[in-house]
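First comes the structure, then the notes that go with it.
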Amino acid sequence: MADITKEQVLETLKTVRGPDLEHSIVELGMVSDVFISDGKVYFSITVPAEQAKELEPMRLAAERVIKEMPGVKGALVALTADKKAGAASPRPAPAQAAPHGHSHPHAPHQPPRAAKIGVPGVKAIIAVASGKGGVGKSTTAVNLALGLLANGLRVGILDADIYGPSMPRLLKISGRPTQIDGRIINPMENYGLKVMSMGFLVEEETAMIWRGPMVQSALLQMLREVAWGELDVLVVDMPPGTGDVQLTMAQQVPLAGAVIVSTPQDLALIDARKGLNMFRKVEVPVLGIVENMSYFIAPDTGARYDIFGHGGARKEAERIGVPFLGEVPLTMGIRETSDAGTPLVAAEPNGVVAGIYREIAANVWKQVAGSPQRAAPSIVFE
């Protein structure tokens with residue numbers, strides 16, 4: 001059987017009516033770029049943020065008709081809200097819609113954060129971010145999550161790095177997640193953590209050549225259409241930098257705060273400042289900075305070496321007025337346990353470095369628990 005094509009998907013989606021009940025979601029320009037991989041179809045439907053809940057049946061209808069297509073193994077469809085959201089408004093009578101502020105695609109005074117939707121059962125969502133790659137952010141995120149777990153909390157971790165997911169390897173998880181009623185995904189689990197990653201859905205060697213809307217669609221579905229259950233905190237391992245994923249999380253998800261990971265040297269701190277500034281601009285609290293690879297302890301002599309300098313992240317935290325969460329040394333143990341998929345906090349729970357991670361986790365949670373959390377509306381899937 002020939003592979004399914006983008007044109008066939010769009011033709012099928014023409015049977016799904018938009019909000020005006022006259023035109024299809026394709027005619028209204030609501031369908032994002034369509035991506036097809038291994039028989040699975042990925043796309044998003046752009047809607048006004050304030051109408052996301054009431055337009056859920058439309059999303060379900062689009063998902064259903066695609067899944068029924070011959071040759072389709074599955075579909076990942078999400079509702080998203082961006083500057084094109086006005087396209088979802090009925091074409092007739094634009095003058096009537098204008099006073100309500102919902103019909104203009106370029107309306108400047110409609111910040112996405114006004115319609116942030118939480119995750120049912122999840123009390124707090126924390127982002128772990130860095131301004132650049134290579135600073136040990138994912139390793140920090142995993143051990144932070146395990147530190148929160150060791151401190152008695154119910155914890156999940158979402159691998160938000162669509163292009164380079166690392167959680168399957170860091171947590172030694174393989175296989176594919178199961179689905180509930182063909183739609184809601186059961187998270188994978190190891191070491192007591194509930195885990196979701198794009199790495200569970202595609203082969204490790206698959207090149208993810210996706211544009212912004214597709215990344216946004218996949219991220220929001222992995223976040224909101226996973227059976228997380230009751231969690232005190234969901235740790236989100238962000239990709240490095242300040243791109244589409246970071247903005248999607250900051251603008252559309254009620255983050256309790258962000259943890260910034262940096263190494264001590266000046267170049268890493270310059271990039272870390274970019275991440276700090278981004279979160280501040282979108283009004284996400286910065287919970288603090290972690291100085292990773294802060295110093296090296298020689299395994300044979302126990303001597304300490306400040307390979308990347310030392311104390312830069314602490315000074316930066318003091319300079320800009322955010323908490324300094326702690327120093328994590330560079331040790332052979334962290335490297336070896338990360339490569340083996342047995343994170344240090346789980347492999348050596350009574351070790352010195354595990355204690356550092358638990359202390360960082362306690363500092364993070366103290367801030368989150370002490371901040372008033374805005375109640376997020378529930379999402380009804382059925």
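Just remember, in the structure tokens the first chain shown is A, the second B, etc., residues are 1-based per chain, and ligands are 1-based in the order shown.
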- Task: Tell me, as an NGL selection string, which residues lie within 6 Å of stretch 229-239 of chain A, counting only C-alpha atoms; anything in the same chain fewer than 4 positions away does not count.
- Result: :A and (121-129 or 141 or 153-161)
Requested write-out: C-alpha atoms of the selected residues, as a compact mmCIF listing (two decimals), in the first residue's frame:
# COMPACT_ATOMS: atom_id res chain seq x y z
CA GLY A 121 -4.14 16.21 38.43
CA VAL A 122 -0.82 18.10 38.25
CA LYS A 123 -0.40 20.66 41.03
CA ALA A 124 2.71 22.43 39.75
CA ILE A 125 4.78 22.46 36.55
CA ILE A 126 8.45 23.41 36.72
CA ALA A 127 10.64 24.08 33.68
CA VAL A 128 14.35 23.26 33.71
CA ALA A 129 16.08 25.37 31.09
CA ALA A 141 16.41 17.80 35.34
CA LEU A 153 6.58 14.18 46.40
CA ARG A 154 4.72 12.55 43.50
CA VAL A 155 6.73 13.46 40.42
CA GLY A 156 6.61 13.17 36.64
CA ILE A 157 9.05 14.38 34.00
CA LEU A 158 8.28 15.56 30.47
CA ASP A 159 11.05 15.57 27.88
CA ALA A 160 10.20 18.69 25.90
CA ASP A 161 13.19 18.42 23.59
- Message: So that I can see what lies close to A:Met249, please list as a list in words the residues with an atom at most 10 Å from it, counting only C-alpha atoms and leaving out residues fewer than 4 positions away in the same chain.
- Response: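 My reading of the contact set: Arg113, Lys116, Ile125, Ala127, Ala160, Gln216, Leu219, Leu220, Leu223, Val236, Met238, Asp244, Val245, Val253, Pro254, Leu255 and Val284 of chain A.
Counting only C-alpha atoms, A:Arg176 has the following residues at most 12 Å away, ignoring those fewer than 2 positions along the same chain: Pro168, Ile173, Ser174, Thr178, Gln179, Ile185, Asn186, Pro187, Met188, Glu189, Val195, Met196, Ser197, Met198, Gly199, Phe200, Leu201, Val202 and Glu203 of chain A.
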Could you write those residues out with N, CA and C atoms, as a short mmCIF file (atom, residue, chain, number, x, y, z; two decimals), in the first residue's frame?
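Printed below is again.cif as written:
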data_model
loop_
_atom_site.label_atom_id
_atom_site.label_comp_id
_atom_site.auth_asym_id
_atom_site.auth_seq_id
_atom_site.Cartn_x
_atom_site.Cartn_y
_atom_site.Cartn_z
N PRO A 168 14.61 8.76 27.39
CA PRO A 168 14.65 7.30 27.29
C PRO A 168 16.00 6.72 27.69
N ILE A 173 14.72 3.62 29.70
CA ILE A 173 13.37 3.19 29.36
C ILE A 173 13.30 2.92 27.87
N SER A 174 12.76 1.79 27.50
CA SER A 174 12.60 1.46 26.08
C SER A 174 11.17 1.00 25.84
N THR A 178 1.50 2.69 26.00
CA THR A 178 0.16 2.23 25.61
C THR A 178 -0.81 3.39 25.62
N GLN A 179 -1.96 3.16 25.02
CA GLN A 179 -2.98 4.20 24.95
C GLN A 179 -4.27 3.74 25.59
N ILE A 185 -2.48 8.78 26.36
CA ILE A 185 -1.26 7.97 26.44
C ILE A 185 -0.92 7.70 27.90
N ASN A 186 -0.60 6.46 28.19
CA ASN A 186 -0.07 6.11 29.51
C ASN A 186 1.42 6.45 29.53
N PRO A 187 1.87 7.22 30.52
CA PRO A 187 3.30 7.54 30.57
C PRO A 187 4.13 6.30 30.88
N MET A 188 5.36 6.31 30.47
CA MET A 188 6.30 5.27 30.85
C MET A 188 6.74 5.55 32.29
N GLU A 189 7.43 4.60 32.91
CA GLU A 189 7.81 4.80 34.31
C GLU A 189 9.09 4.05 34.64
N VAL A 195 7.09 9.26 33.09
CA VAL A 195 7.92 9.90 32.07
C VAL A 195 7.22 9.90 30.72
N MET A 196 7.35 11.03 30.01
CA MET A 196 6.87 11.09 28.63
C MET A 196 7.91 11.80 27.79
N SER A 197 8.16 11.25 26.58
CA SER A 197 9.17 11.80 25.69
C SER A 197 8.83 11.45 24.25
N MET A 198 9.17 12.34 23.34
CA MET A 198 9.02 12.03 21.92
C MET A 198 9.88 10.84 21.55
N GLY A 199 10.93 10.57 22.33
CA GLY A 199 11.79 9.43 22.08
C GLY A 199 11.09 8.09 22.22
N PHE A 200 9.92 8.07 22.90
CA PHE A 200 9.14 6.84 23.00
C PHE A 200 8.26 6.63 21.78
N LEU A 201 8.05 7.67 20.98
CA LEU A 201 7.10 7.62 19.88
C LEU A 201 7.76 7.46 18.52
N VAL A 202 9.03 7.83 18.42
CA VAL A 202 9.74 7.71 17.14
C VAL A 202 11.06 6.98 17.38
N GLU A 203 11.61 6.43 16.32
CA GLU A 203 12.89 5.73 16.44
C GLU A 203 14.00 6.72 16.76
#
- Give the alpha helix (DSSP H) residues of stretch 172-379 of chain A, as assigned by DSSP on the backbone, as an NGL selection string. :A and (212-224 or 244-252 or 266-281 or 312-320 or 332-340 or 344-347 or 352-370)
Considering only C-alpha atoms, return as a PDB file with N, CA and C atoms, in the first residue's frame whatever protein or nucleic-acid residues lie within 9 Å of stretch 300-309 of chain A, sequence-local ones (same chain, fewer than 2 positions apart) excluded.
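Below you can see out_17.pdb, which holds the result:
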ATOM      1  N   THR A 263      26.888  26.502  33.640  1.00  0.00           N
ATOM      2  CA  THR A 263      28.208  26.201  34.173  1.00  0.00           C
ATOM      3  C   THR A 263      28.845  27.521  34.603  1.00  0.00           C
ATOM      4  N   PRO A 264      29.955  27.491  35.315  1.00  0.00           N
ATOM      5  CA  PRO A 264      30.476  28.731  35.910  1.00  0.00           C
ATOM      6  C   PRO A 264      31.070  29.732  34.927  1.00  0.00           C
ATOM      7  N   GLN A 265      31.493  29.282  33.734  1.00  0.00           N
ATOM      8  CA  GLN A 265      32.243  30.191  32.880  1.00  0.00           C
ATOM      9  C   GLN A 265      31.362  31.269  32.278  1.00  0.00           C
ATOM     10  N   ASP A 266      32.016  32.372  31.896  1.00  0.00           N
ATOM     11  CA  ASP A 266      31.297  33.564  31.445  1.00  0.00           C
ATOM     12  C   ASP A 266      30.421  33.310  30.226  1.00  0.00           C
ATOM     13  N   MET A 293      28.541  21.359  36.963  1.00  0.00           N
ATOM     14  CA  MET A 293      29.977  21.215  36.699  1.00  0.00           C
ATOM     15  C   MET A 293      30.762  22.303  37.438  1.00  0.00           C
ATOM     16  N   SER A 294      30.347  22.562  38.656  1.00  0.00           N
ATOM     17  CA  SER A 294      30.893  23.669  39.425  1.00  0.00           C
ATOM     18  C   SER A 294      32.375  23.485  39.725  1.00  0.00           C
ATOM     19  N   TYR A 295      32.785  22.263  39.980  1.00  0.00           N
ATOM     20  CA  TYR A 295      34.186  21.947  40.228  1.00  0.00           C
ATOM     21  C   TYR A 295      34.370  20.452  40.001  1.00  0.00           C
ATOM     22  N   PHE A 296      35.624  20.025  39.857  1.00  0.00           N
ATOM     23  CA  PHE A 296      35.912  18.614  39.596  1.00  0.00           C
ATOM     24  C   PHE A 296      36.707  18.031  40.749  1.00  0.00           C
ATOM     25  N   ILE A 297      36.274  16.869  41.225  1.00  0.00           N
ATOM     26  CA  ILE A 297      36.986  16.154  42.271  1.00  0.00           C
ATOM     27  C   ILE A 297      37.704  14.967  41.621  1.00  0.00           C
ATOM     28  N   ALA A 298      39.016  14.976  41.680  1.00  0.00           N
ATOM     29  CA  ALA A 298      39.787  13.881  41.089  1.00  0.00           C
ATOM     30  C   ALA A 298      39.490  12.582  41.826  1.00  0.00           C
ATOM     31  N   GLY A 311      31.918  29.679  40.923  1.00  0.00           N
ATOM     32  CA  GLY A 311      31.161  30.736  41.580  1.00  0.00           C
ATOM     33  C   GLY A 311      30.500  31.721  40.656  1.00  0.00           C
ATOM     34  N   GLY A 312      30.653  31.540  39.336  1.00  0.00           N
ATOM     35  CA  GLY A 312      30.062  32.508  38.414  1.00  0.00           C
ATOM     36  C   GLY A 312      28.553  32.554  38.481  1.00  0.00           C
TER      37      GLY A 312
END
- Query: From the list A:Leu344, A:Glu327, A:Asn190, A:Glu7, which residue is nearest A:Lys172 when using only C-alpha atoms?
  - Reply: A:Asn190
- Task: Using only C-alpha atoms, determine which residues lie at most 9 Å from A:Ala218, disregarding the query and same-chain residues fewer than 6 positions distant; provide the list as number ranges by chain.
- Result: A: 42-44, 76-78, 162, 198
